[in-house]
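**Q** My structure is stored as my_file30.cif, with mmCIF, C-alpha atoms (C1' of nucleotides).
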data_final
#
loop_
_atom_site.label_atom_id
_atom_site.label_comp_id
_atom_site.auth_asym_id
_atom_site.auth_seq_id
_atom_site.Cartn_x
_atom_site.Cartn_y
_atom_site.Cartn_z
CA MET X 1 -4.70 15.27 -0.15
CA GLU X 2 -7.56 13.33 1.34
CA THR X 3 -7.04 10.08 3.19
CA LEU X 4 -8.72 8.08 0.48
CA ASN X 5 -6.42 9.29 -2.25
CA ALA X 6 -3.38 8.80 -0.05
CA ALA X 7 -4.49 5.23 0.59
CA ASP X 8 -4.65 4.67 -3.16
CA LEU X 9 -1.11 5.92 -3.63
CA LEU X 10 0.17 3.84 -0.73
CA ALA X 11 -1.60 0.75 -2.01
CA ALA X 12 -0.07 1.30 -5.43
CA LEU X 13 3.39 1.38 -3.88
CA GLY X 14 2.53 -1.48 -1.56
CA HIS X 15 3.46 -4.16 -4.02
CA GLU X 16 6.98 -5.39 -4.50
CA SER X 17 6.98 -5.16 -8.30
CA ARG X 18 5.35 -1.76 -8.42
CA LEU X 19 7.63 -0.36 -5.73
CA SER X 20 10.62 -1.64 -7.70
CA ILE X 21 9.30 -0.07 -10.88
CA PHE X 22 8.74 3.25 -9.17
CA ARG X 23 12.12 3.15 -7.45
CA LEU X 24 13.76 2.47 -10.81
CA LEU X 25 11.97 5.39 -12.43
CA VAL X 26 12.73 7.78 -9.60
CA GLU X 27 16.38 6.88 -9.78
CA ALA X 28 16.36 7.12 -13.55
CA GLY X 29 15.48 10.79 -13.34
CA PRO X 30 13.04 12.91 -15.32
CA ASP X 31 14.03 11.33 -18.63
CA GLY X 32 12.55 8.06 -17.47
CA ILE X 33 12.96 4.62 -18.99
CA VAL X 34 11.37 2.78 -21.86
CA ALA X 35 8.96 0.06 -20.79
CA SER X 36 10.87 -2.86 -22.25
CA ALA X 37 13.99 -1.80 -20.34
CA ILE X 38 12.02 -1.86 -17.09
CA GLY X 39 10.74 -5.33 -17.83
CA GLU X 40 14.22 -6.53 -18.65
CA THR X 41 15.74 -5.06 -15.52
CA LEU X 42 13.11 -6.47 -13.23
CA GLY X 43 12.47 -9.70 -15.10
CA LEU X 44 8.75 -9.16 -15.55
CA PRO X 45 6.69 -10.59 -18.45
CA ALA X 46 5.26 -7.89 -20.67
CA PRO X 47 1.58 -8.25 -19.65
CA THR X 48 2.45 -8.26 -15.96
CA LEU X 49 4.59 -5.18 -16.39
CA SER X 50 1.88 -3.45 -18.36
CA PHE X 51 -0.63 -4.22 -15.63
CA HIS X 52 1.52 -2.58 -12.97
CA LEU X 53 2.50 0.36 -15.14
CA ALA X 54 -1.18 1.00 -15.77
CA HIS X 55 -1.88 0.88 -12.04
CA LEU X 56 0.89 3.34 -11.21
CA SER X 57 -0.24 5.63 -14.03
CA ARG X 58 -3.85 5.52 -12.92
CA VAL X 59 -3.01 6.87 -9.47
CA GLY X 60 -0.65 9.46 -10.92
CA LEU X 61 2.67 8.21 -9.62
CA ILE X 62 4.17 7.76 -13.07
CA ARG X 63 3.50 8.97 -16.56
CA GLY X 64 4.07 7.33 -19.94
CA GLN X 65 4.91 9.20 -23.10
CA LYS X 66 4.86 7.58 -26.48
CA GLU X 67 8.10 7.81 -28.37
CA SER X 68 7.85 6.18 -31.77
CA ARG X 69 7.41 2.50 -31.04
CA PHE X 70 8.40 2.79 -27.38
CA ILE X 71 6.70 4.19 -24.35
CA ARG X 72 8.94 6.08 -22.03
CA TYR X 73 7.79 6.10 -18.42
CA SER X 74 8.91 8.59 -15.83
CA ALA X 75 8.15 9.24 -12.17
CA GLU X 76 5.72 11.97 -11.20
CA TYR X 77 7.81 13.55 -8.50
CA ALA X 78 5.11 16.02 -7.56
CA THR X 79 2.69 13.25 -6.59
CA MET X 80 5.30 11.53 -4.47
CA ASP X 81 6.13 14.84 -2.86
CA GLU X 82 2.51 15.39 -1.94
CA LEU X 83 2.28 11.93 -0.47
CA ILE X 84 5.35 12.49 1.68
CA ALA X 85 4.00 15.85 2.73
CA PHE X 86 0.74 14.18 3.73
CA LEU X 87 2.50 11.51 5.73
CA THR X 88 4.80 13.91 7.55
CA SER X 89 2.15 16.53 8.18
CA ASN X 90 0.13 13.72 9.65
CA CYS X 91 3.12 13.03 11.85
CA CYS X 92 3.34 16.31 13.74
CA GLN X 93 -0.26 17.48 13.97
CA GLY X 94 -0.48 15.85 17.37
CA GLU X 95 2.81 17.51 18.33
CA ALA X 96 3.73 14.09 19.56
CA CYS X 97 6.52 12.46 17.66
CA LEU X 98 8.75 15.38 16.83
CA PRO X 99 9.03 19.04 17.73
CA ARG X 100 6.46 20.42 15.35
CA ALA X 101 8.47 23.27 13.88
CA ALA X 102 11.36 21.04 12.89
CA THR X 103 9.46 18.53 10.83
CA CYS X 104 6.99 20.79 9.18
CA ASP X 105 9.59 23.37 8.29
CA THR X 106 11.92 20.97 6.58
CA THR X 107 9.09 19.37 4.71
CA GLU X 108 7.88 22.74 3.57
CA ARG X 109 11.35 23.84 2.61
CA ARG X 110 11.92 20.68 0.64
CA ARG X 111 8.76 21.30 -1.31
CA ARG X 112 9.66 24.91 -1.89
CA LEU X 113 13.05 23.88 -3.20
CA ALA X 114 11.42 21.41 -5.53
CA THR X 115 9.17 23.97 -7.16
CA GLU X 116 12.00 26.47 -7.42
CA THR X 117 14.24 23.94 -9.16
CA SER X 118 11.91 22.73 -11.88
CA THR X 119 9.34 25.45 -12.17
CA SER X 120 7.49 24.16 -15.18
CA ASP X 121 6.69 20.64 -14.03
CA LYS X 122 5.62 20.83 -10.43
CA GLU X 123 2.34 22.58 -9.89
CA PRO X 124 1.13 22.62 -6.30
CA SER X 125 -2.42 21.50 -7.06
CA MET M 1 15.21 -1.08 5.06
CA GLU M 2 14.93 -3.45 2.14
CA THR M 3 12.42 -2.94 -0.62
CA LEU M 4 10.38 -5.92 0.43
CA ASN M 5 9.80 -4.65 3.94
CA ALA M 6 8.99 -1.18 2.62
CA ALA M 7 6.37 -2.69 0.34
CA ASP M 8 4.82 -4.42 3.35
CA LEU M 9 4.60 -1.16 5.26
CA LEU M 10 3.15 0.68 2.28
CA ALA M 11 0.62 -2.07 1.67
CA ALA M 12 -0.40 -1.92 5.31
CA LEU M 13 -1.06 1.80 4.99
CA GLY M 14 -2.66 1.34 1.59
CA HIS M 15 -6.09 0.64 2.95
CA GLU M 16 -8.53 3.34 3.92
CA SER M 17 -9.42 1.89 7.31
CA ARG M 18 -5.85 1.11 8.29
CA LEU M 19 -4.60 4.50 7.15
CA SER M 20 -7.33 6.13 9.23
CA ILE M 21 -6.41 4.02 12.23
CA PHE M 22 -2.76 4.89 11.89
CA ARG M 23 -3.49 8.58 11.34
CA LEU M 24 -5.62 8.57 14.47
CA LEU M 25 -2.89 6.95 16.52
CA VAL M 26 -0.18 9.25 15.21
CA GLU M 27 -2.27 12.25 16.09
CA ALA M 28 -3.15 10.81 19.46
CA GLY M 29 0.48 10.88 20.47
CA PRO M 30 2.64 8.36 22.32
CA ASP M 31 -0.08 7.60 24.87
CA GLY M 32 -2.16 6.06 22.13
CA ILE M 33 -5.82 5.09 22.24
CA VAL M 34 -7.77 2.16 23.56
CA ALA M 35 -9.07 -0.16 20.85
CA SER M 36 -12.75 0.37 21.53
CA ALA M 37 -12.29 4.13 21.17
CA ILE M 38 -10.73 3.64 17.76
CA GLY M 39 -13.61 1.48 16.64
CA GLU M 40 -16.11 3.99 17.93
CA THR M 41 -14.39 6.90 16.21
CA LEU M 42 -14.10 5.16 12.87
CA GLY M 43 -17.33 3.17 13.07
CA LEU M 44 -15.72 -0.22 12.57
CA PRO M 45 -17.16 -3.50 13.89
CA ALA M 46 -14.93 -5.13 16.48
CA PRO M 47 -13.67 -8.05 14.35
CA THR M 48 -12.89 -5.78 11.41
CA LEU M 49 -11.00 -3.42 13.66
CA SER M 50 -9.13 -6.28 15.26
CA PHE M 51 -8.15 -7.58 11.84
CA HIS M 52 -6.64 -4.26 10.80
CA LEU M 53 -4.97 -3.64 14.15
CA ALA M 54 -3.32 -7.04 13.87
CA HIS M 55 -2.12 -6.22 10.38
CA LEU M 56 -0.62 -2.90 11.42
CA SER M 57 0.99 -4.54 14.47
CA ARG M 58 2.46 -7.35 12.39
CA VAL M 59 4.39 -4.96 10.16
CA GLY M 60 5.48 -2.87 13.13
CA LEU M 61 3.60 0.34 12.47
CA ILE M 62 1.68 0.24 15.74
CA ARG M 63 1.99 -1.50 19.07
CA GLY M 64 -0.64 -2.66 21.54
CA GLN M 65 -0.20 -2.76 25.26
CA LYS M 66 -2.61 -4.50 27.56
CA GLU M 67 -4.03 -2.30 30.29
CA SER M 68 -6.39 -4.22 32.53
CA ARG M 69 -9.34 -5.10 30.30
CA PHE M 70 -8.33 -2.70 27.54
CA ILE M 71 -5.63 -2.71 24.92
CA ARG M 72 -4.03 0.60 24.31
CA TYR M 73 -2.59 1.01 20.83
CA SER M 74 0.03 3.55 19.87
CA ALA M 75 1.93 4.46 16.72
CA GLU M 76 5.48 3.24 16.24
CA TYR M 77 6.99 6.52 15.13
CA ALA M 78 10.39 4.98 14.49
CA THR M 79 9.01 2.63 11.84
CA MET M 80 7.20 5.44 10.09
CA ASP M 81 10.35 7.51 10.23
CA GLU M 82 12.34 4.75 8.58
CA LEU M 83 9.74 4.40 5.87
CA ILE M 84 9.81 8.10 5.10
CA ALA M 85 13.59 8.05 5.11
CA PHE M 86 13.50 5.15 2.66
CA LEU M 87 11.09 6.95 0.37
CA THR M 88 12.97 10.23 0.38
CA SER M 89 16.40 8.65 0.06
CA ASN M 90 14.96 6.82 -2.89
CA CYS M 91 14.04 10.20 -4.24
CA CYS M 92 17.48 11.77 -4.56
CA GLN M 93 19.77 8.86 -5.31
CA GLY M 94 19.41 9.56 -8.97
CA GLU M 95 20.13 13.26 -8.29
CA ALA M 96 17.13 13.82 -10.47
CA CYS M 97 14.14 15.28 -8.70
CA LEU M 98 15.79 17.66 -6.28
CA PRO M 99 19.24 19.05 -5.64
CA ARG M 100 20.68 16.11 -3.77
CA ALA M 101 22.15 17.93 -0.82
CA ALA M 102 18.90 19.66 0.01
CA THR M 103 16.68 16.63 0.32
CA CYS M 104 19.09 14.26 1.91
CA ASP M 105 20.24 16.81 4.41
CA THR M 106 16.82 17.70 5.65
CA THR M 107 15.80 14.09 5.86
CA GLU M 108 18.91 13.29 7.82
CA ARG M 109 18.47 16.29 10.06
CA ARG M 110 14.88 15.35 10.72
CA ARG M 111 15.96 11.90 11.80
CA ARG M 112 18.74 13.31 13.93
CA LEU M 113 16.29 15.63 15.62
CA ALA M 114 13.97 12.74 16.27
CA THR M 115 16.59 10.66 18.05
CA GLU M 116 17.76 13.66 20.03
CA THR M 117 14.25 14.43 21.20
CA SER M 118 13.16 11.03 22.45
CA THR M 119 16.40 9.19 23.00
CA SER M 120 14.97 6.08 24.58
CA ASP M 121 12.43 5.10 21.94
CA LYS M 122 14.02 5.61 18.55
CA GLU M 123 16.91 3.32 17.82
CA PRO M 124 18.40 3.69 14.37
CA SER M 125 18.46 -0.01 13.56
"C1'" DT H 1 -19.60 -16.84 41.70
"C1'" DC H 2 -21.94 -14.53 38.07
"C1'" DC H 3 -22.23 -11.01 34.84
"C1'" DA H 4 -20.90 -7.27 31.80
"C1'" DT H 5 -17.19 -5.55 29.16
"C1'" DT H 6 -13.23 -5.73 26.02
"C1'" DG H 7 -11.08 -7.79 22.61
"C1'" DT H 8 -9.62 -11.77 19.85
"C1'" DT H 9 -10.13 -15.84 16.96
"C1'" DC H 10 -12.91 -18.79 13.97
"C1'" DA H 11 -15.36 -19.62 9.87
"C1'" DA H 12 -17.44 -18.67 5.68
"C1'" DG H 13 -18.72 -15.75 2.12
"C1'" DT H 14 -17.48 -12.03 -1.02
"C1'" DA H 15 -14.54 -9.15 -3.48
"C1'" DT H 16 -10.40 -7.70 -5.24
"C1'" DT H 17 -5.88 -8.26 -7.21
"C1'" DA H 18 -2.12 -10.62 -9.55
"C1'" DT H 19 -0.24 -13.52 -13.16
"C1'" DA H 20 0.79 -14.64 -17.74
"C1'" DG H 21 -0.37 -16.96 -22.38
"C1'" DA H 22 -2.62 -15.62 -26.53
"C1'" DA H 23 -4.36 -12.29 -29.49
"C1'" DA H 24 -4.52 -7.57 -30.99
"C1'" DT H 25 -2.63 -2.87 -32.10
"C1'" DA H 26 0.82 0.36 -33.61
"C1'" DT H 27 5.04 1.69 -35.46
"C1'" DG H 28 9.14 1.76 -38.30
"C1'" DG H 29 12.26 -0.49 -41.36
"C1'" DA H 30 13.45 -3.64 -45.38
"C1'" DT Y 1 3.76 -4.53 -48.63
"C1'" DC Y 2 5.58 -7.54 -45.23
"C1'" DC Y 3 7.90 -8.37 -41.11
"C1'" DA Y 4 9.92 -7.57 -36.55
"C1'" DT Y 5 9.42 -5.04 -32.43
"C1'" DA Y 6 7.02 -2.79 -28.50
"C1'" DT Y 7 3.24 -2.68 -25.90
"C1'" DT Y 8 -1.36 -3.31 -24.69
"C1'" DT Y 9 -5.77 -5.71 -24.10
"C1'" DC Y 10 -8.26 -9.98 -23.52
"C1'" DT Y 11 -9.07 -13.99 -20.98
"C1'" DA Y 12 -8.88 -17.30 -17.53
"C1'" DT Y 13 -6.97 -18.84 -13.40
"C1'" DA Y 14 -5.01 -18.51 -9.00
"C1'" DA Y 15 -4.17 -16.25 -4.94
"C1'" DT Y 16 -4.96 -12.98 -1.44
"C1'" DA Y 17 -7.48 -9.81 1.27
"C1'" DC Y 18 -11.70 -7.94 3.47
"C1'" DT Y 19 -15.84 -8.32 6.17
"C1'" DT Y 20 -18.56 -9.76 9.87
"C1'" DG Y 21 -21.61 -12.94 12.71
"C1'" DA Y 22 -20.76 -16.26 16.21
"C1'" DA Y 23 -18.10 -18.27 19.60
"C1'" DC Y 24 -14.34 -17.78 22.79
"C1'" DA Y 25 -10.91 -15.82 26.43
"C1'" DA Y 26 -9.69 -12.59 29.89
"C1'" DT Y 27 -10.59 -9.19 33.21
"C1'" DG Y 28 -12.81 -6.59 36.94
"C1'" DG Y 29 -16.86 -5.45 39.58
"C1'" DA Y 30 -21.27 -6.66 42.13
#
As structure tokens, how would this structure be written, given the file I've shared?
**A**
Amino acid sequence: METLNAADLLAALGHESRLSIFRLLVEAGPDGIVASAIGETLGLPAPTLSFHLAHLSRVGLIRGQKESRFIRYSAEYATMDELIAFLTSNCCQGEACLPRAATCDTTERRRRLATETSTSDKEPS
Amino acid sequence: METLNAADLLAALGHESRLSIFRLLVEAGPDGIVASAIGETLGLPAPTLSFHLAHLSRVGLIRGQKESRFIRYSAEYATMDELIAFLTSNCCQGEACLPRAATCDTTERRRRLATETSTSDKEPS
DNA sequence: TCCATTGTTCAAGTATTATAGAAATATGGA
DNA sequence: TCCATATTTCTATAATACTTGAACAATGGA
């Protein structure tokens, strides 16, 4: 992941409403939540919600799937995982903050576990 | 860490220049870098650099220490650590994306390792 | 003291982002 | 077909953030 793309992801999460939306979807699990339910939970007017959902979708942090009249949004765990990997890898390259082996290993292991668990969904791009 | 503060941190990192600055400082290690060196490396005019350094300082991601005529900036690893902890804890509360024990344990262990390594600097607030 | 260096603050212009009412689209049910 | 519901797109407005030249403050050396 290049710096520019990472900045886009971070900027997308760097807004209270969008972070709340994403948090909600992550906690909701892979099944996700229908848009109207998100708006109701967070008290956002429909156009505002739509604006933020579009932003999060555009950068690949969430995904919406049409389901009759509804649109069910769910978190893209793989993208988040990449972002965290980027941030933590960034954090031990200089062997400064933490003993390098510790941080990188756990990050790697976490990612490995993720792909093992849900093999179909999480492609390491 | 509350959501609002996390959003502030993410927004601070959600800008190409600031992310590059932070990345540079993290990789530079605890000794940090003098401001002019950052500007030279990234090709930023002094006022622009100052603006972004102030932003990153305000949210607590970096810290500047005066050193005769220079100001030496360094990354605040503890803040970054908290942010990552927030993001990953967020990621398994719903027991959705990963087997809960795996993620939470490694995150916790990483934090524990961090405090063990540099005991003076990293207070778990 | 005077000057060069380092960095910040000021000020003003530009650009981007957020908000939300109103209108439009799509779908399913009566 | 007609209507209610779910969601988006359009539009305008408001707010915030970014950039950078110019001026300013602080420091150390000649």
**Q** Please provide the set of residues having any atom within 12 Å of DA14 in chain Y, restricted to all atoms listed in the file, with same-chain residues fewer than 4 positions apart removed, written as a list in words.
**A**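 Contacts, with the query itself left out: DT17, DA18, DT19 and DA20 of chain H.
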**Q** Got time to write the residues from that selection, C-alpha atoms (C1' of nucleotides), as a short mmCIF file (atom, residue, chain, number, x, y, z; two decimals), in the frame of the given file?
**A**
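The result, written out as result.cif:
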data_model
loop_
_atom_site.label_atom_id
_atom_site.label_comp_id
_atom_site.auth_asym_id
_atom_site.auth_seq_id
_atom_site.Cartn_x
_atom_site.Cartn_y
_atom_site.Cartn_z
"C1'" DT H 17 -5.88 -8.26 -7.21
"C1'" DA H 18 -2.12 -10.62 -9.55
"C1'" DT H 19 -0.24 -13.52 -13.16
"C1'" DA H 20 0.79 -14.64 -17.74
#
**Q** Select residues of chain H: the criterion is any atom within 10 Å of an atom of chain M, counting only C-alpha atoms (C1' of nucleotides); output as number ranges by chain.
**A** H: 5-9
**Q** When you draw a straight line from CA of Thr79 in chain X to CA of Leu19 in chain M, how long is it in Å?
**A**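 It comes out at 17.8 Å.
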**Q** At a cut-off of 12 Å, list the chain Y residues touching chain X, using only C-alpha atoms (C1' of nucleotides), as a ChimeraX atom specification.
**A** /Y:4-10
**Q** Can you measure CA of Ala6 in chain X to CA of Ala11 in chain M for me? One decimal in Å is fine.
**A**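 These atoms are spaced 11.7 Å apart.
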**Q** List the spatial neighbours of Leu10 in chain M as a PDB file with C-alpha atoms, in the coordinates of the input - criterion: any atom at most 9 Å away, all atoms listed in the file, same-chain residues fewer than 2 positions off excluded.
**A**
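To be explicit, this is the file written out as result-v4.pdb:
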ATOM      1  CA  LEU X   9      -1.110   5.920  -3.630  1.00  0.00           C
ATOM      2  CA  LEU X  10       0.170   3.840  -0.730  1.00  0.00           C
ATOM      3  CA  ALA X  11      -1.600   0.750  -2.010  1.00  0.00           C
ATOM      4  CA  ALA X  12      -0.070   1.300  -5.430  1.00  0.00           C
ATOM      5  CA  LEU X  13       3.390   1.380  -3.880  1.00  0.00           C
ATOM      6  CA  GLY X  14       2.530  -1.480  -1.560  1.00  0.00           C
ATOM      7  CA  HIS X  15       3.460  -4.160  -4.020  1.00  0.00           C
TER       8      HIS X  15
ATOM      9  CA  ASN M   5       9.800  -4.650   3.940  1.00  0.00           C
ATOM     10  CA  ALA M   6       8.990  -1.180   2.620  1.00  0.00           C
ATOM     11  CA  ALA M   7       6.370  -2.690   0.340  1.00  0.00           C
ATOM     12  CA  ASP M   8       4.820  -4.420   3.350  1.00  0.00           C
ATOM     13  CA  ALA M  12      -0.400  -1.920   5.310  1.00  0.00           C
ATOM     14  CA  LEU M  13      -1.060   1.800   4.990  1.00  0.00           C
ATOM     15  CA  GLY M  14      -2.660   1.340   1.590  1.00  0.00           C
ATOM     16  CA  LEU M  83       9.740   4.400   5.870  1.00  0.00           C
TER      17      LEU M  83
END
**Q** Just how far from CA of Glu82 in chain M is CA of Glu82 in chain X, in Å to one decimal?
**A**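 Those two atoms sit 17.9 Å apart.
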**Q** Could you tell me, as an MDAnalysis selection string, which residues have any atom at most 12 Å from (-18.2, -21.3, 7.8), counting all atoms listed in the file?
**A** (chainID H and resid 10:13) or (chainID Y and resid 20:22)
**Q** I need the residue nearest chain X from this list: M:Ser89, M:Gln65, M:Thr41, M:Ser57. Use only C-alpha atoms for the distance.
**A**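 Answer, going by the shortest atom-to-atom distance: M:Ser89.
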**Q** Which residues, written as a compact mmCIF listing (two decimals) with C-alpha atoms, in the frame of the given file, have at least one atom at most 8 Å from Ile33 in chain M, with only C-alpha atoms (C1' of nucleotides) counted and residues fewer than 6 positions away on the same chain left out?
**A**
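After the write, part-v4.txt holds the following:
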# COMPACT_ATOMS: atom_id res chain seq x y z
CA LEU M 25 -2.89 6.95 16.52
CA ARG M 72 -4.03 0.60 24.31
CA TYR M 73 -2.59 1.01 20.83
CA SER M 74 0.03 3.55 19.87
**Q** Quick one: which residues end up in the PyMOL selection byres ((chain H and resi 2) around 12) for this structure, as a VMD selection string?
**A** (chain H and resid 1 3 to 4) or (chain Y and resid 29 to 30)
**Q** Let me know the residues the PyMOL selection byres ((chain X and resi 77) around 9) catches in the file above, as a list in words.
**A**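 Those residues are Val26, Pro30, Leu61, Ile62, Ser74, Ala75, Glu76, Ala78, Thr79, Met80, Asp81, Glu82 and Lys122 of chain X; Cys91 and Cys97 of chain M.
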**Q** Between M:Ala37, M:Gly43, M:Phe86, M:Arg63, single out the one closest to chain X, counting only C-alpha atoms.
**A**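 The shortest atom-to-atom distance to chain X comes from M:Phe86.
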**Q** Could you check which of X:Ile84, X:Ile21, X:Thr48, X:Gly32 is closest to chain M, using only C-alpha atoms?
**A**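 Looking only at the distances to chain M, the closest residue turns out to be X:Ile84.
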**Q** Which residue is closest to chain M? Choose from X:Leu53, X:Leu87, X:Val59, X:Leu42 and count all atoms listed in the file.
**A**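 For chain M, the nearest of the candidates is X:Leu87.
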